[in-house]
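In what follows, a structure is listed as structure tokens, so that the remarks can point back to it.
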Amino acid sequence: MPTMSTNTVAQPDPRPTNGRPDDLVDEPARSDRFVRGLSEAIGGPLGEHAVRPPRSRFGGGRFWTPVRIVLALTCLMLSLHWVQKSPCRDGAWGQDLPQYKHFCYTDVLALYYAEGLAEGKVPYAGHAVEYPVLTGVFMGALGLPVHAFAADSPGINQAQRFYDLNALVLGALAVATVAMILALRRRRPWDAAMFALSPALFVSATVNWDLLAVALSAFFLYFWARKRPVLAGLMLGLATAAKFYPLLLAGALIALALRTARRREVSAVLTTLGVAAGTWVAVNAPVALLYPSSWREFFRLNSERGVDWGTIWYIGEHFPLGGDRYGLPPFQWLDHQPGHGTLNTLYLLLFVLACVGILLLVLRAPRRPRLAQVAFLIVAAFLVTGKVWSQQYVLWLLPLAILARPRWGAFLAWQFAEVAYFVSFYGELMNASGRNVFPEWVFVLASVLRLGTVCALIWLVVRDILRAADDVVRQTYPDDPDGGVFDGAPDADWLRLSPERGWIDGEAAPATR
């Protein structure tokens with residue numbers, strides 16, 4: 001009688017994989033209607049039975065894999081950005097306003113002088129910097145050596161050296177961000193090309209130091225996806241110490257933890273948030289204790305800051321009503337309120353209401369939303385309702401939008417709107433400097449276009465959440481490649497309204513892992 005073998009055949013993952021083995025990558029010419037339409041100009045997508053070149057794990061040829069192509073494109077785009085900013089590199093901004101005429105203004109150069117770095121002042125100790133501590137440390141770490149070098153080498157243009165050094169370091173952070181997107185999307189490496197080829201990256205990469213927080217936030221997403229809550233918390237704490245917006249990403253973790261409500265997920269979230277809080281305190285405490293007034297400058301400035309260019313509040317205040325009349329009555333009333341307490345209360349109230357709506361969406365969606373989708377919605381809501389929406393803030397949304405909804409059509413429409421806003425903003429700066437370029441309604445229209453395209457992206461992400469079968473990431477991955485402990489996790493018992501509750505369109509509920 002033959003003996004039964006002790007070896008067993010490995011059981012496949014019961015969740016849907018759409019027939020995509022791990023060694024194949026998504027091809028946008030097949031999966032994305034916009035790219036497919038463009039590909040028709042060169043003969044359409046590669047046929048199913050066409051002979052493809054040898055593939056590496058990530059697809060493509062033996063050397064020029066998608067990963068290497070995307071990284072090369074990122075370096076190319078950053079080089080073009082440096083060329084675009086080069087007319088301003090010498091810091092010789094005279095009365096002719098070259099920084100606006102050539103669209104090359106950057107806070108990096110302006111604040112080198114305004115924050116005292118050109119005089120060798122140590123951030124916070126010698127000057128009250130207007131940014132969170134880690135960004136101030138970053139500025140000083142690059143600026144003070146340049147000042148010292150200039151002091152020993154008379155005749156060099158220290159502003160130019162400072163900008164070039166910042167462009168190099170910030171460019172490396174942008175490349176690191178792309179690398180994290182590639183690591184999070186091993187089956188969809190071409191999604192990262194959306195970041196590499198982004199017009200917003202081209203015009204905004206070194207306008208300010210936001211790429212520091214963007215890169216640290218990308219590291220946070222990577223470590224969370226790899227189920228490393230301590231390292232994820234470290235990166236989240238550092239990112240929040242550089243800019244405050246990464247704190248919003250914690251809201252996405254909390255919302256998804258409420259959706260699953262199991263000890264494993266809750267424990268990971270609490271660990272990450274605890275480490276993040278400890279890291280933030282460790283970075284801020286020395287400055288807060290030694291230079292309390294300088295440390296409070298960031299918070300004071302943001303509480304006293306009024307309506308900024310391009311926000312929904314600015315649009316309402318300057319909306320064209322015909323002829324020389326501008327401004328909708330409610331916003332005009334707000335503009336006449338003393339101080340900024342009413343404005344701060346209103347925009348905070350709107351943001352809180354938006355977050356409540358996002359939480360309800362997370363809890364009531366037929367299928368648990370992906371982490372990137374929730375994070376995108378929260379950060380986008382913060383920008384849409386906020387009183388400040390600087391041009392470089394587009395970098396905050398860029399990786400989140402790509403991870404949340406990697407579709408080229410809507411993405412490029414949004415990018416077109418951002419470039420239109422970028423160009424009109426410099427015209428508005430010329431107007432504010434006494435050089436009238438165009439009427440006010442042109443800038444308001446560009447602001448409305450930017451606001452409208454971001455709201456359209458919000459709606460498209462919400463639609464993908466409500467109709468999970470249309471989510472292209474879940475057409476490639478079984479569940480949530482960024483979710484970490486949430487990936488494949490079942491809903492909390494208190495959310496299961498009936499035994500039939502499952503994914504939308506009749507799909508089976510995910511298997512517990």
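Order determines the names: the first chain of the structure tokens is A, the second B, and so forth; residues in each chain are numbered 1 upward, and ligands are numbered 1 upward as they are shown.
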
Just want the 8 Å neighbourhood of Gly484 of chain A, counted on only C-alpha atoms, with same-chain residues fewer than 2 positions away dropped. Output as a short mmCIF file (atom, residue, chain, number, x, y, z; two decimals) with all heavy atoms, in the first residue's frame.
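Okay, this is what ended up in result21.cif:
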```cif
data_model
loop_
_atom_site.label_atom_id
_atom_site.label_comp_id
_atom_site.auth_asym_id
_atom_site.auth_seq_id
_atom_site.Cartn_x
_atom_site.Cartn_y
_atom_site.Cartn_z
N TRP A 224 5.38 51.69 7.80
CA TRP A 224 4.07 51.18 8.23
C TRP A 224 3.63 50.02 7.36
O TRP A 224 3.12 49.01 7.86
CB TRP A 224 3.03 52.29 8.21
CG TRP A 224 1.68 51.78 8.59
CD1 TRP A 224 0.66 51.42 7.74
CD2 TRP A 224 1.20 51.52 9.91
NE1 TRP A 224 -0.42 50.95 8.46
CE2 TRP A 224 -0.11 50.99 9.80
CE3 TRP A 224 1.75 51.67 11.19
CZ2 TRP A 224 -0.87 50.65 10.90
CZ3 TRP A 224 0.99 51.30 12.29
CH2 TRP A 224 -0.30 50.80 12.15
N ALA A 225 3.82 50.13 6.06
CA ALA A 225 3.44 49.06 5.15
C ALA A 225 4.23 47.79 5.43
O ALA A 225 3.72 46.68 5.23
CB ALA A 225 3.65 49.50 3.70
N ARG A 226 5.46 47.94 5.89
CA ARG A 226 6.31 46.78 6.19
C ARG A 226 6.10 46.27 7.62
O ARG A 226 6.88 45.47 8.12
CB ARG A 226 7.78 47.13 5.96
CG ARG A 226 8.12 47.44 4.51
CD ARG A 226 7.91 46.23 3.63
NE ARG A 226 8.18 46.51 2.23
CZ ARG A 226 7.27 46.87 1.34
NH1 ARG A 226 6.00 46.99 1.72
NH2 ARG A 226 7.58 47.10 0.08
N LYS A 227 5.07 46.81 8.31
CA LYS A 227 4.71 46.37 9.67
C LYS A 227 5.86 46.59 10.65
O LYS A 227 6.18 45.74 11.49
CB LYS A 227 4.28 44.90 9.66
CG LYS A 227 3.10 44.64 8.74
CD LYS A 227 2.73 43.18 8.70
CE LYS A 227 1.59 42.94 7.69
NZ LYS A 227 1.24 41.51 7.58
N ASP A 480 -4.61 45.98 0.44
CA ASP A 480 -4.01 47.29 0.63
C ASP A 480 -2.51 47.15 0.80
O ASP A 480 -2.02 46.82 1.88
CB ASP A 480 -4.62 47.97 1.87
CG ASP A 480 -4.10 49.38 2.08
OD1 ASP A 480 -3.28 49.84 1.26
OD2 ASP A 480 -4.51 50.03 3.06
N PRO A 481 -1.72 47.40 -0.24
CA PRO A 481 -0.26 47.24 -0.14
C PRO A 481 0.39 48.21 0.83
O PRO A 481 1.53 48.00 1.25
CB PRO A 481 0.22 47.47 -1.57
CG PRO A 481 -0.84 48.32 -2.20
CD PRO A 481 -2.13 47.86 -1.58
N ASP A 482 -0.30 49.31 1.18
CA ASP A 482 0.26 50.28 2.12
C ASP A 482 -0.28 50.07 3.53
O ASP A 482 0.13 50.77 4.46
CB ASP A 482 -0.11 51.72 1.70
CG ASP A 482 0.09 51.94 0.22
OD1 ASP A 482 1.07 51.43 -0.33
OD2 ASP A 482 -0.75 52.64 -0.38
N PHE A 486 -3.26 46.55 8.63
CA PHE A 486 -4.64 46.63 8.13
C PHE A 486 -4.84 45.78 6.88
O PHE A 486 -5.98 45.47 6.53
CB PHE A 486 -5.00 48.08 7.80
CG PHE A 486 -4.98 49.00 8.98
CD1 PHE A 486 -4.24 50.18 8.94
CD2 PHE A 486 -5.69 48.70 10.12
CE1 PHE A 486 -4.22 51.04 10.03
CE2 PHE A 486 -5.67 49.55 11.22
CZ PHE A 486 -4.94 50.72 11.17
N ASP A 487 -3.76 45.41 6.20
CA ASP A 487 -3.87 44.66 4.95
C ASP A 487 -4.52 43.30 5.23
O ASP A 487 -3.97 42.45 5.93
CB ASP A 487 -2.48 44.47 4.34
CG ASP A 487 -2.53 43.78 2.99
OD1 ASP A 487 -3.54 43.93 2.28
OD2 ASP A 487 -1.55 43.09 2.64
#
```

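Once Arg259 of chain A and its same-chain neighbours fewer than 4 positions away are set aside, Ala252, Leu253, Ile254, Ala255, Glu265, Val266, Leu359, Leu360, Leu361, Val362, Leu363, Arg364, Ala365, Pro366, Arg367, Arg368, Pro369, Arg370, Leu371, Phe486, Ala489, Pro490, Asp491, Ala492, Asp493, Trp494, Leu495 and Arg496 of chain A remain within 12 Å of it when counting only C-alpha atoms.
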
Segment 297-316 of chain A near segment 415-429 of chain A within 12 Å: what's each residue's closest atom pair and its distance in Å to one decimal, counting only C-alpha atoms, ordered by chain then ascending residue number, as JSON lines?
```
{"residue": "A:Asp308", "atom": "CA", "partner": "A:Phe425", "partner_atom": "CA", "distance": 11.8}
{"residue": "A:Trp309", "atom": "CA", "partner": "A:Phe425", "partner_atom": "CA", "distance": 8.3}
{"residue": "A:Gly310", "atom": "CA", "partner": "A:Tyr421", "partner_atom": "CA", "distance": 8.3}
{"residue": "A:Thr311", "atom": "CA", "partner": "A:Tyr421", "partner_atom": "CA", "distance": 11.5}
```

Could the residues in this selection be written to a file with N, CA and C atoms, as a short mmCIF file (atom, residue, chain, number, x, y, z; two decimals), in the first residue's frame?
```
data_model
loop_
_atom_site.label_atom_id
_atom_site.label_comp_id
_atom_site.auth_asym_id
_atom_site.auth_seq_id
_atom_site.Cartn_x
_atom_site.Cartn_y
_atom_site.Cartn_z
N ASP A 308 -4.70 83.84 3.09
CA ASP A 308 -3.57 83.79 2.17
C ASP A 308 -4.07 83.65 0.74
N TRP A 309 -3.18 83.92 -0.21
CA TRP A 309 -3.51 83.83 -1.63
C TRP A 309 -4.01 82.44 -2.01
N GLY A 310 -5.03 82.41 -2.86
CA GLY A 310 -5.46 81.18 -3.51
C GLY A 310 -6.37 80.28 -2.70
N THR A 311 -6.64 80.60 -1.43
CA THR A 311 -7.49 79.75 -0.61
C THR A 311 -8.97 79.99 -0.94
#
```

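By only C-alpha atoms, and with residues fewer than 4 positions from segment 116-123 of chain A along its chain excluded, the set lying at most 9 Å from it is Leu111, Tyr112, His127, Ala128, Val129, Val133, Gly136, Val137, Met139, Gly140, Gly143, Leu144, Pro145, Val146, His147, Ala148, Gln158, Ala159 and Ser294 of chain A.
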
Those residues with C-alpha atoms, as a tab-separated table (two decimals), in the first residue's frame please?
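Done, and the output landed in result_39.tsv:
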```tsv
chain	number	residue	atom	x	y	z
A	111	LEU	CA	14.97	83.40	3.85
A	112	TYR	CA	18.73	82.88	3.73
A	127	HIS	CA	16.92	84.38	15.36
A	128	ALA	CA	13.29	83.32	15.83
A	129	VAL	CA	12.72	81.07	12.81
A	133	VAL	CA	12.24	72.93	14.69
A	136	GLY	CA	15.00	75.26	11.20
A	137	VAL	CA	17.76	72.79	12.02
A	139	MET	CA	18.21	75.40	7.28
A	140	GLY	CA	21.00	75.99	9.77
A	143	GLY	CA	23.30	77.64	5.78
A	144	LEU	CA	25.85	78.10	8.55
A	145	PRO	CA	28.64	76.12	6.81
A	146	VAL	CA	28.02	78.14	3.64
A	147	HIS	CA	28.32	81.37	5.64
A	148	ALA	CA	31.53	80.13	7.30
A	158	GLN	CA	27.15	82.69	-0.76
A	159	ALA	CA	23.48	82.93	-1.69
A	294	SER	CA	11.77	81.52	19.39
```

Residue neighbourhood Gly339 of chain A, 12 Å, only C-alpha atoms, exclusion window fewer than 5 positions, as a PDB file with N, CA and C atoms, in the first residue's frame:
```
ATOM      1  N   SER A 303      -1.210  81.422  14.050  1.00  0.00           N
ATOM      2  CA  SER A 303      -2.469  81.844  14.657  1.00  0.00           C
ATOM      3  C   SER A 303      -2.841  83.260  14.228  1.00  0.00           C
ATOM      4  N   GLU A 304      -1.853  84.105  13.962  1.00  0.00           N
ATOM      5  CA  GLU A 304      -2.107  85.494  13.589  1.00  0.00           C
ATOM      6  C   GLU A 304      -2.140  85.712  12.091  1.00  0.00           C
ATOM      7  N   ARG A 305      -1.888  84.682  11.334  1.00  0.00           N
ATOM      8  CA  ARG A 305      -1.855  84.814   9.879  1.00  0.00           C
ATOM      9  C   ARG A 305      -3.267  84.955   9.333  1.00  0.00           C
ATOM     10  N   GLY A 306      -3.434  85.883   8.387  1.00  0.00           N
ATOM     11  CA  GLY A 306      -4.742  86.110   7.795  1.00  0.00           C
ATOM     12  C   GLY A 306      -4.979  85.249   6.581  1.00  0.00           C
ATOM     13  N   VAL A 307      -5.967  85.634   5.770  1.00  0.00           N
ATOM     14  CA  VAL A 307      -6.306  84.892   4.551  1.00  0.00           C
ATOM     15  C   VAL A 307      -5.154  84.986   3.567  1.00  0.00           C
ATOM     16  N   LEU A 334     -16.388  88.740   6.861  1.00  0.00           N
ATOM     17  CA  LEU A 334     -15.303  88.098   7.586  1.00  0.00           C
ATOM     18  C   LEU A 334     -14.044  88.956   7.532  1.00  0.00           C
ATOM     19  N   ASN A 344     -10.026  81.829  12.130  1.00  0.00           N
ATOM     20  CA  ASN A 344      -9.450  80.589  12.667  1.00  0.00           C
ATOM     21  C   ASN A 344     -10.540  79.620  13.114  1.00  0.00           C
ATOM     22  N   THR A 345     -11.574  80.153  13.761  1.00  0.00           N
ATOM     23  CA  THR A 345     -12.674  79.304  14.225  1.00  0.00           C
ATOM     24  C   THR A 345     -13.426  78.680  13.062  1.00  0.00           C
TER      25      THR A 345
END
```

Please identify all polymer residues within 12 Å of segment 160-166 of chain A, counting only C-alpha atoms, omitting same-chain residues fewer than 5 positions from it, and present them as a ChimeraX atom specification. /A:79,81-83,85-92,104-113,117-118,138-150,155,171-174,205-212

From a backbone DSSP assignment, name each residue in segment 287-484 of chain A labelled helix (DSSP H, G or I), as an MDAnalysis selection string. chainID A and resid 287:290 292:295 297:304 312:318 329:335 341:364 371:385 391:404 408:432 440:466 468:470 472:476 484
